[in-house]
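S.K.: Pasting final33.txt here (compact mmCIF, C-alpha atoms):
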# COMPACT_ATOMS: atom_id res chain seq x y z
CA MET A 22 -41.68 63.29 -19.59
CA ARG A 23 -41.91 60.31 -17.27
CA GLN A 24 -42.10 56.88 -18.75
CA ALA A 25 -44.20 54.02 -17.37
CA ILE A 26 -42.16 50.95 -16.46
CA ARG A 27 -43.95 47.83 -17.64
CA GLY A 28 -41.22 45.25 -17.98
CA SER A 29 -37.89 44.29 -16.48
CA THR A 30 -35.80 45.10 -19.58
CA TYR A 31 -35.76 47.41 -22.57
CA GLY A 32 -34.81 46.09 -25.96
CA PRO A 33 -32.20 47.95 -28.06
CA GLY A 34 -34.77 48.20 -30.87
CA LEU A 35 -37.01 50.36 -28.66
CA LEU A 36 -34.08 52.62 -27.88
CA ALA A 37 -33.20 53.00 -31.57
CA LEU A 38 -36.82 53.90 -32.34
CA ALA A 39 -36.84 56.52 -29.59
CA LEU A 40 -33.66 58.05 -30.96
CA ALA A 41 -35.10 58.16 -34.46
CA VAL A 42 -38.23 59.95 -33.24
CA SER A 43 -36.28 62.45 -31.16
CA CYS A 44 -33.83 63.26 -33.97
CA PRO A 45 -35.77 63.80 -37.24
CA ALA A 46 -33.89 64.43 -40.46
CA ALA A 47 -33.09 68.01 -41.36
CA ALA A 48 -35.86 69.94 -43.12
CA ALA A 49 -35.89 70.00 -46.91
CA ALA A 50 -34.93 73.06 -48.91
CA GLY A 51 -37.12 76.19 -48.64
CA THR A 52 -40.49 76.58 -50.35
CA GLU A 53 -40.78 77.35 -54.01
CA GLY A 54 -39.77 80.87 -54.91
CA ALA A 55 -37.72 81.52 -51.81
CA THR A 56 -34.31 83.08 -52.32
CA GLU A 57 -31.28 81.46 -50.67
CA PRO A 58 -29.52 83.96 -48.38
CA SER A 59 -26.18 83.22 -49.99
CA ALA A 60 -27.59 84.18 -53.35
CA ARG A 61 -28.62 87.64 -52.18
CA ALA A 62 -26.41 90.45 -53.18
CA GLY A 63 -23.94 91.31 -50.50
CA ALA A 64 -25.22 88.72 -48.02
CA ALA A 65 -22.66 87.17 -45.69
CA ALA A 66 -22.06 83.39 -45.89
CA PRO A 67 -23.95 81.52 -43.12
CA GLN A 68 -21.94 79.96 -40.29
CA ALA A 69 -22.28 76.21 -39.70
CA VAL A 70 -24.11 75.41 -36.48
CA ARG A 71 -22.70 72.42 -34.58
CA GLU A 72 -25.50 70.09 -33.55
CA LYS A 73 -25.17 68.44 -30.18
CA PRO A 74 -25.41 64.63 -30.10
CA ALA A 75 -28.91 63.47 -29.15
CA VAL A 76 -28.82 61.16 -26.10
CA MET A 77 -31.65 58.88 -24.96
CA VAL A 78 -31.65 57.06 -21.60
CA MET A 79 -34.01 54.33 -20.44
CA PRO A 80 -35.41 54.32 -17.76
CA SER A 81 -36.29 57.93 -18.47
CA ASP A 82 -35.48 60.75 -16.08
CA GLY A 83 -37.56 60.66 -12.90
CA SER A 84 -38.88 57.09 -13.32
CA GLN A 85 -40.07 55.51 -10.07
CA GLY A 86 -40.59 51.89 -9.03
CA VAL A 87 -38.16 50.55 -11.63
CA PRO A 88 -37.63 46.76 -11.27
CA THR A 89 -34.15 45.95 -9.98
CA ASP A 90 -33.36 43.70 -12.95
CA THR A 91 -34.17 46.41 -15.51
CA THR A 92 -31.38 46.89 -18.05
CA VAL A 93 -30.29 50.52 -18.26
CA LEU A 94 -29.92 51.49 -21.93
CA VAL A 95 -28.14 54.57 -23.23
CA GLY A 96 -28.00 55.50 -26.91
CA VAL A 97 -26.71 58.44 -28.94
CA ARG A 98 -27.38 59.82 -32.40
CA GLY A 99 -25.02 62.20 -34.16
CA GLY A 100 -22.04 61.22 -32.04
CA THR A 101 -20.49 58.56 -29.84
CA LEU A 102 -20.58 57.73 -26.16
CA GLU A 103 -17.36 58.67 -24.39
CA LYS A 104 -18.37 57.68 -20.86
CA VAL A 105 -21.48 56.33 -19.11
CA THR A 106 -21.83 55.90 -15.35
CA VAL A 107 -24.86 54.62 -13.45
CA ARG A 108 -24.21 55.19 -9.78
CA ALA A 109 -26.32 54.99 -6.63
CA VAL A 110 -26.90 58.41 -5.14
CA LYS A 111 -25.24 58.79 -1.78
CA GLY A 112 -27.70 58.82 1.04
CA SER A 113 -30.31 56.72 -0.76
CA LYS A 114 -31.25 53.31 0.54
CA GLY A 115 -29.02 50.61 -0.89
CA SER A 116 -25.32 50.46 -1.66
CA SER A 117 -24.26 54.06 -1.34
CA GLY A 118 -22.18 55.14 -4.30
CA ALA A 119 -22.19 51.67 -5.91
CA ALA A 120 -22.09 51.70 -9.71
CA LEU A 121 -23.66 49.31 -12.19
CA PRO A 122 -21.17 47.86 -14.70
CA GLY A 123 -22.01 48.01 -18.38
CA VAL A 124 -20.95 47.19 -21.92
CA LEU A 125 -20.44 49.64 -24.81
CA SER A 126 -21.33 48.59 -28.35
CA ALA A 127 -18.54 48.27 -30.92
CA ASP A 128 -19.59 51.44 -32.75
CA GLY A 129 -19.79 53.45 -29.51
CA THR A 130 -23.43 54.41 -29.93
CA GLN A 131 -25.14 52.19 -27.34
CA TRP A 132 -24.41 51.16 -23.76
CA ARG A 133 -26.25 48.60 -21.64
CA SER A 134 -25.89 47.80 -17.96
CA ARG A 135 -25.13 44.41 -16.49
CA GLY A 136 -26.06 43.03 -13.11
CA THR A 137 -28.85 43.98 -10.75
CA ALA A 138 -29.60 47.27 -9.06
CA ALA A 139 -30.30 47.61 -5.35
CA PRO A 140 -33.97 47.99 -4.33
CA GLY A 141 -35.26 51.32 -3.01
CA THR A 142 -32.27 53.17 -4.46
CA THR A 143 -31.96 56.27 -6.62
CA TYR A 144 -29.42 55.97 -9.44
CA GLU A 145 -27.91 58.86 -11.33
CA VAL A 146 -27.03 58.28 -14.99
CA THR A 147 -24.24 60.52 -16.30
CA VAL A 148 -23.50 60.46 -20.03
CA LEU A 149 -20.60 62.12 -21.83
CA ALA A 150 -21.15 62.14 -25.61
CA ALA A 151 -18.81 63.40 -28.34
CA ASP A 152 -19.76 64.89 -31.71
CA PRO A 153 -17.79 64.27 -34.94
CA GLU A 154 -15.94 67.61 -34.55
CA GLY A 155 -14.56 66.59 -31.17
CA GLY A 156 -16.88 68.58 -28.93
CA THR A 157 -18.46 66.91 -25.92
CA THR A 158 -21.82 67.18 -24.19
CA GLU A 159 -22.67 65.91 -20.70
CA SER A 160 -26.16 65.05 -19.54
CA THR A 161 -27.59 63.56 -16.35
CA SER A 162 -30.81 61.83 -15.41
CA SER A 163 -32.01 59.66 -12.54
CA PHE A 164 -34.40 56.85 -11.69
CA THR A 165 -35.45 55.07 -8.51
CA THR A 166 -35.86 51.32 -8.10
CA VAL A 167 -38.78 49.55 -6.47
CA ARG A 168 -38.77 49.45 -2.68
CA ALA A 169 -38.17 46.21 -0.80
CA THR A 170 -40.31 45.07 2.11
CA GLY A 171 -38.01 42.19 3.02
CA GLY A 172 -34.73 40.50 2.15
CA PHE A 173 -33.46 36.96 1.74
CA ALA A 174 -29.98 35.51 2.08
CA VAL A 175 -28.12 32.23 1.74
CA GLN A 176 -28.42 30.35 5.02
CA SER A 177 -26.11 27.47 4.07
CA LEU A 178 -24.05 26.51 1.06
CA LEU A 179 -22.34 23.19 0.29
CA PRO A 180 -19.60 22.31 -0.49
CA HIS A 181 -18.11 24.11 2.49
CA ARG A 182 -14.53 24.23 3.70
CA ASP A 183 -15.41 23.13 7.24
CA TYR A 184 -18.02 20.43 6.51
CA THR A 185 -17.08 18.79 3.23
CA GLY A 186 -13.70 20.22 2.33
CA LEU A 187 -13.23 22.04 -0.96
CA THR A 188 -12.02 18.98 -2.89
CA VAL A 189 -15.01 16.67 -3.31
CA GLY A 190 -16.15 13.55 -5.15
CA VAL A 191 -17.58 13.33 -8.66
CA GLY A 192 -21.15 12.93 -7.36
CA MET A 193 -21.16 16.02 -5.14
CA PRO A 194 -24.16 18.36 -5.62
CA ILE A 195 -24.12 22.09 -4.94
CA MET A 196 -26.71 22.74 -2.24
CA ILE A 197 -28.12 26.18 -1.38
CA THR A 198 -30.55 26.83 1.46
CA PHE A 199 -32.17 30.27 1.81
CA ASP A 200 -33.35 31.84 5.05
CA ARG A 201 -36.71 32.88 3.55
CA ASP A 202 -39.17 31.26 1.13
CA VAL A 203 -38.32 32.16 -2.46
CA THR A 204 -41.26 32.21 -4.87
CA ASP A 205 -39.67 33.96 -7.87
CA ARG A 206 -37.55 30.93 -8.70
CA LEU A 207 -36.74 32.07 -12.23
CA SER A 208 -35.16 35.35 -11.11
CA VAL A 209 -33.04 33.56 -8.54
CA GLU A 210 -32.05 30.61 -10.71
CA ARG A 211 -30.88 32.70 -13.65
CA ASN A 212 -28.56 34.61 -11.29
CA LEU A 213 -26.79 31.44 -10.11
CA LEU A 214 -23.86 31.44 -12.54
CA LEU A 215 -21.60 28.38 -12.76
CA ARG A 216 -18.15 28.43 -14.33
CA THR A 217 -16.03 25.29 -14.74
CA SER A 218 -12.61 24.39 -16.14
CA LYS A 219 -14.28 21.63 -18.21
CA PRO A 220 -17.71 21.98 -19.87
CA VAL A 221 -20.45 20.46 -17.72
CA HIS A 222 -24.15 20.11 -18.57
CA GLY A 223 -26.39 20.25 -15.53
CA ALA A 224 -29.45 21.81 -13.92
CA TRP A 225 -30.72 23.36 -10.71
CA HIS A 226 -33.51 21.51 -8.87
CA TRP A 227 -35.91 23.05 -6.35
CA PHE A 228 -36.79 20.68 -3.51
CA ASP A 229 -38.96 23.39 -1.95
CA ASP A 230 -39.05 27.20 -1.73
CA ARG A 231 -35.88 27.31 0.38
CA ASN A 232 -33.67 24.61 -1.12
CA VAL A 233 -32.22 24.60 -4.62
CA HIS A 234 -29.49 22.11 -5.61
CA PHE A 235 -27.35 21.62 -8.70
CA ARG A 236 -26.01 18.40 -10.16
CA PRO A 237 -24.58 17.57 -13.58
CA LYS A 238 -26.45 15.31 -15.99
CA ARG A 239 -23.66 12.81 -15.41
CA PHE A 240 -20.98 12.67 -12.72
CA TRP A 241 -18.56 15.60 -12.72
CA PRO A 242 -15.41 15.10 -14.81
CA ALA A 243 -12.48 14.35 -12.51
CA HIS A 244 -10.22 17.25 -11.54
CA THR A 245 -12.69 19.96 -12.61
CA ARG A 246 -12.41 23.41 -11.05
CA VAL A 247 -15.81 24.92 -10.22
CA ARG A 248 -16.86 28.47 -9.36
CA LEU A 249 -20.37 29.41 -8.26
CA GLU A 250 -21.25 33.09 -8.52
CA ALA A 251 -24.57 33.61 -6.76
CA ARG A 252 -25.35 37.14 -7.93
CA LEU A 253 -28.26 37.63 -5.57
CA SER A 254 -27.84 41.21 -4.36
CA GLY A 255 -30.99 43.04 -5.43
CA VAL A 256 -32.49 39.98 -7.15
CA ARG A 257 -36.24 39.59 -6.71
CA GLY A 258 -37.14 36.53 -4.64
CA GLY A 259 -40.87 37.24 -4.35
CA GLU A 260 -43.31 40.06 -3.76
CA GLY A 261 -41.25 42.80 -2.11
CA LEU A 262 -38.45 40.30 -1.33
CA TYR A 263 -34.92 40.95 -2.63
CA GLY A 264 -31.53 39.34 -2.18
CA ARG A 265 -29.24 40.95 0.38
CA ARG A 266 -25.79 40.03 -0.94
CA ASP A 267 -23.76 38.07 -3.49
CA HIS A 268 -21.86 34.86 -2.77
CA VAL A 269 -18.88 33.23 -4.47
CA LEU A 270 -17.82 29.61 -3.93
CA ASP A 271 -14.72 27.97 -5.41
CA PHE A 272 -14.12 24.25 -5.10
CA ARG A 273 -12.54 21.36 -6.97
CA ILE A 274 -13.63 17.88 -8.04
CA GLY A 275 -11.05 15.27 -7.08
CA ARG A 276 -10.15 12.00 -8.75
CA SER A 277 -13.03 9.82 -9.88
CA GLN A 278 -13.68 7.17 -7.24
CA ILE A 279 -16.81 5.05 -7.47
CA THR A 280 -17.58 2.21 -5.09
CA SER A 281 -20.11 -0.46 -6.02
CA GLY A 282 -21.43 -3.43 -4.10
CA SER A 283 -24.15 -6.06 -4.21
CA VAL A 284 -26.04 -7.32 -1.18
CA HIS A 285 -25.99 -10.74 -2.89
CA ALA A 286 -22.25 -10.82 -3.73
CA HIS A 287 -21.34 -9.40 -0.29
CA ARG A 288 -18.45 -7.36 -1.68
CA LEU A 289 -17.56 -3.74 -2.33
CA THR A 290 -15.42 -2.92 -5.36
CA VAL A 291 -13.60 0.41 -5.36
CA ARG A 292 -12.57 1.85 -8.73
CA ARG A 293 -10.44 4.95 -9.07
CA ASP A 294 -10.28 6.64 -12.46
CA GLY A 295 -11.74 3.46 -13.95
CA GLU A 296 -9.27 1.01 -12.40
CA GLU A 297 -10.09 -1.37 -9.56
CA ILE A 298 -7.95 -0.53 -6.55
CA ARG A 299 -9.58 -2.54 -3.73
CA GLU A 300 -12.14 -5.26 -3.10
CA ILE A 301 -13.71 -5.26 0.36
CA PRO A 302 -15.79 -8.10 1.87
CA MET A 303 -19.00 -6.70 3.38
CA SER A 304 -22.12 -7.67 5.24
CA ALA A 305 -25.30 -5.73 4.39
CA GLY A 306 -28.70 -5.47 6.08
CA GLN A 307 -30.27 -8.70 7.24
CA GLY A 308 -33.78 -7.74 6.15
CA GLY A 309 -36.81 -9.37 7.74
CA VAL A 310 -37.94 -5.94 8.94
CA TRP A 311 -38.06 -3.26 6.22
CA LYS A 312 -35.77 -0.88 8.10
CA TYR A 313 -33.13 -3.62 8.33
CA HIS A 314 -32.63 -3.70 4.56
CA THR A 315 -29.68 -1.70 3.18
CA THR A 316 -31.11 0.61 0.53
CA SER A 317 -30.29 0.02 -3.13
CA GLY A 318 -29.25 3.01 -5.19
CA ILE A 319 -26.62 5.65 -5.82
CA HIS A 320 -25.54 6.90 -2.42
CA LEU A 321 -23.00 9.63 -1.79
CA ALA A 322 -20.46 9.86 0.99
CA MET A 323 -22.03 12.50 3.25
CA SER A 324 -19.60 12.57 6.16
CA ARG A 325 -16.51 10.84 7.53
CA GLU A 326 -16.74 10.25 11.25
CA PRO A 327 -13.95 8.71 13.34
CA VAL A 328 -16.49 7.84 16.06
CA THR A 329 -20.27 7.45 15.79
CA ILE A 330 -22.76 6.47 18.49
CA MET A 331 -25.40 4.26 16.90
CA ILE A 332 -28.78 3.79 18.59
CA SER A 333 -31.53 1.44 17.46
CA PRO A 334 -34.18 3.47 15.57
CA GLY A 335 -37.66 3.46 17.10
CA ILE A 336 -36.66 1.16 19.97
CA GLY A 337 -36.05 2.40 23.50
CA PRO A 338 -33.91 1.03 26.33
CA GLY A 339 -35.28 -2.21 27.78
CA GLN A 340 -37.21 -3.08 24.62
CA PRO A 341 -36.32 -6.11 22.48
CA GLY A 342 -33.74 -5.23 19.83
CA TYR A 343 -32.50 -2.10 21.56
CA TYR A 344 -28.83 -1.25 21.12
CA ARG A 345 -26.48 1.65 21.73
CA LYS A 346 -23.07 1.03 20.24
CA THR A 347 -19.89 3.05 19.71
CA VAL A 348 -18.68 2.48 16.16
CA TYR A 349 -15.40 3.60 14.61
CA ASN A 350 -14.35 4.86 11.18
CA THR A 351 -17.77 5.45 9.66
CA VAL A 352 -18.77 6.95 6.29
CA ARG A 353 -22.38 8.10 6.25
CA ILE A 354 -24.36 7.33 3.07
CA SER A 355 -27.97 8.29 3.92
CA ASN A 356 -30.15 10.08 6.46
CA SER A 357 -31.85 6.87 7.54
CA GLY A 358 -28.83 5.74 9.54
CA GLU A 359 -26.79 3.89 6.91
CA TYR A 360 -23.01 3.91 7.10
CA VAL A 361 -20.07 1.99 5.77
CA HIS A 362 -18.28 1.26 9.04
CA SER A 363 -15.98 -0.91 11.06
CA ALA A 364 -17.77 -3.99 12.47
CA PRO A 365 -15.31 -6.34 14.18
CA TRP A 366 -18.25 -8.37 15.54
CA SER A 367 -19.36 -9.45 12.03
CA VAL A 368 -16.01 -10.14 10.34
CA GLY A 369 -16.89 -13.85 10.13
CA SER A 370 -20.01 -13.01 8.06
CA GLN A 371 -18.42 -10.36 5.85
CA GLY A 372 -18.11 -11.64 2.30
CA ARG A 373 -20.71 -14.38 2.73
CA ALA A 374 -23.84 -13.29 4.70
CA ASN A 375 -25.94 -10.23 5.54
CA VAL A 376 -26.31 -9.76 9.30
CA SER A 377 -26.40 -5.97 9.92
CA HIS A 378 -29.34 -3.72 10.83
CA GLY A 379 -28.97 -1.89 7.49
CA CYS A 380 -25.41 -0.58 7.52
CA VAL A 381 -22.58 -1.89 5.38
CA ASN A 382 -20.26 -3.77 7.75
CA VAL A 383 -16.57 -4.09 6.89
CA SER A 384 -13.50 -5.11 8.85
CA PRO A 385 -11.62 -2.60 11.05
CA ALA A 386 -8.68 -2.51 8.60
CA ASN A 387 -10.93 -1.98 5.59
CA ALA A 388 -12.94 0.67 7.44
CA ARG A 389 -9.77 2.60 8.22
CA TRP A 390 -8.67 2.37 4.56
CA PHE A 391 -12.11 3.40 3.29
CA ILE A 392 -12.46 6.49 5.49
CA ASP A 393 -8.91 7.57 4.60
CA ASN A 394 -9.53 7.17 0.85
CA THR A 395 -13.03 8.60 0.53
CA LEU A 396 -13.96 12.15 -0.42
CA ILE A 397 -17.29 13.68 0.53
CA GLY A 398 -19.45 13.27 -2.56
CA ASP A 399 -17.91 9.99 -3.72
CA PRO A 400 -20.61 7.71 -5.17
CA ILE A 401 -21.29 4.45 -3.32
CA ILE A 402 -23.66 2.32 -5.38
CA ILE A 403 -25.49 -0.59 -3.72
CA THR A 404 -27.63 -3.04 -5.70
CA GLY A 405 -29.78 -6.09 -4.98
CA SER A 406 -31.94 -4.84 -2.10
CA PRO A 407 -35.74 -4.61 -2.38
CA ARG A 408 -35.61 -1.27 -0.55
CA GLU A 409 -34.78 1.68 -2.85
CA LEU A 410 -32.98 4.78 -1.64
CA GLU A 411 -35.38 7.73 -1.80
CA PRO A 412 -34.09 10.87 -3.60
CA THR A 413 -34.65 12.89 -0.40
CA ASN A 414 -33.00 10.35 1.91
CA GLY A 415 -29.74 12.16 2.46
CA TRP A 416 -28.09 13.05 -0.83
CA GLY A 417 -30.06 10.73 -3.08
CA HIS A 418 -29.88 13.23 -5.95
CA TRP A 419 -28.74 10.63 -8.47
CA GLN A 420 -31.79 8.46 -7.83
CA GLU A 421 -33.77 10.73 -10.17
CA ASP A 422 -33.20 10.39 -13.90
CA TRP A 423 -32.55 13.53 -15.93
CA ALA A 424 -36.20 14.08 -16.85
CA GLN A 425 -37.23 13.82 -13.20
CA TRP A 426 -34.40 16.08 -12.07
CA THR A 427 -35.13 18.86 -14.59
CA ARG A 428 -38.86 18.72 -13.91
CA TRP A 429 -38.19 20.87 -10.84
CA SER A 430 -35.88 23.31 -12.61
CA THR A 431 -37.05 26.59 -14.13
CA LEU A 432 -34.20 26.73 -16.67
CA LYS A 433 -34.30 22.94 -17.32
CA GLY A 434 -30.59 22.61 -18.08
CA PHE A 435 -27.52 24.47 -19.31
CA THR A 436 -23.85 24.03 -20.10
CA THR A 437 -21.49 25.85 -17.76
CA GLU A 438 -19.36 28.79 -18.85
CA GLY A 439 -15.60 28.50 -18.72
CA ILE A 440 -13.62 29.80 -15.76
CA GLY A 441 -12.12 33.09 -16.82
CA SER A 442 -15.00 33.89 -19.17
CA SER A 443 -16.05 37.52 -19.09
CA ALA A 444 -19.59 36.85 -20.30
CA GLY A 445 -22.19 38.56 -18.13
CA GLN A 446 -25.84 38.17 -17.46
Could you write out this structure as structure tokens?
M.R.:
Amino acid sequence: MRQAIRGSTYGPGLLALALAVSCPAAAAAGTEGATEPSARAGAAAPQAVREKPAVMVMPSDGSQGVPTDTTVLVGVRGGTLEKVTVRAVKGSKGSSGAALPGVLSADGTQWRSRGTAAPGTTYEVTVLAADPEGGTTESTSSFTTVRATGGFAVQSLLPHRDYTGLTVGVGMPIMITFDRDVTDRLSVERNLLLRTSKPVHGAWHWFDDRNVHFRPKRFWPAHTRVRLEARLSGVRGGEGLYGRRDHVLDFRIGRSQITSGSVHAHRLTVRRDGEEIREIPMSAGQGGVWKYHTTSGIHLAMSREPVTIMISPGIGPGQPGYYRKTVYNTVRISNSGEYVHSAPWSVGSQGRANVSHGCVNVSPANARWFIDNTLIGDPIIITGSPRELEPTNGWGHWQEDWAQWTRWSTLKGFTTEGIGSSAGQ
């Protein structure tokens, strides 16, 4: 009998109930007045009949349109499960021959799958059950998952070996961009598993339907190893939209280095693992025009550039205020054109006046030291300016407090699993 699929999972209680219904207790003794065969004169003793273990599988045999995140449940009564395999039928759409992993209960009577099935794929469930006398019974059934009309994939993922390096600063977010709009955010978010060598409490944050980022509630602990397992293959991303493949990212948090500076004190203070290691005279934005204020807030080092061509924003050649300048040893801290960079022309003002167009000017020697000693993702905190860094201006993730950050998360917050943990979905 086919079974209607109404939800994405089946609870073990439902399976136990089904087993109880399919395997009623043995009938009571015969009706009054009946004579037991063994009591009849000359009757032979009856032979014991070995009952086969009763196996129940959900989804039931022949089910169609099964959601890809449905948990396959197998239970047995009157025996134990020796082996369960759930494997894609060769030739069906999806990963040919791929099997779903699963977990067997301690008493050997129930098995449940882990992970996500491929869409539009027929799976064969093979069960080998053993009875108490040592005999075995094999049974097979099959089900077919819902068809996909489209797929989505990860378009970009940071940190990245080529763009940020795989050792990053304590403020570094994890940033995922998809190639298609994702509307089933819950299904996607709960399949983004984070493991760390030190416990970290954090949350994913959706900036829009294509961009989801993770940051901890507080800066990462120094020297933490991080593994992202984006288990997206077969995960529902929207109506008819399913993930094409899984992704794994391993990276490391470096030492804790936090730079802070005030536009009024005209100095940057660099602290590494809590100890001050350098003080750098600086000159911040001169103000007057709003765009010439250096933004206040928690910036992150976004790139390290040996050479940067800087062009006056919104001003063309021949207009008053136009400039096009080659600048060396720059560390980008926003998308609105702010850098910490070498400025030999303003050394006389560094440490005592703000004369830049919004960047943080430092001497050539200090710029060289800063670029050499900065990791992508290092926090650079500027205070004292009337212009606040917007959360979407570059990597302004830390400009939102925890309540604001988790407002755009479906899971709201979680503590990471340990690296090496075998816990599944």
S.K.: Need to verify the contact set: A:Thr101, 8 Å, all atoms listed in the file, exclusion of same-chain residues closer than 3 positions in sequence. Can you return it as a PyMOL selection string?
M.R.: chain A and resi 74+97-98+128-130+150-152
S.K.: Report, in Å with one decimal, the straight-line distance from atom CA of A:Pro302 to atom CA of A:Phe240.
M.R.: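 So the two atoms, atom CA of A:Pro302 and atom CA of A:Phe240, lie 25.9 Å apart.
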S.K.: Rank nothing, just name the residue among A:Leu179, A:Ala374, A:Ile319, A:Val148 nearest to A:Ser163, using only C-alpha atoms.
M.R.: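 Among A:Leu179, A:Ala374, A:Ile319, A:Val148, it is A:Val148 that comes nearest to A:Ser163.
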S.K.: How would you write as a list in words the residues that get within 7 Å of (-25.9, 10.2, -0.1) in the file's frame, counting all atoms listed in the file?
M.R.: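 The residues that fall inside the cut-off are His320, Leu321, Ala322, Met323, Ile354, Ser355, Gly415, Trp416 and Gly417 of chain A.
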S.K.: Interatomic distance between atom CA of A:Tyr313 and atom CA of A:Val352?
M.R.: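 About the pair atom CA of A:Tyr313 and atom CA of A:Val352: they are 17.9 Å apart.
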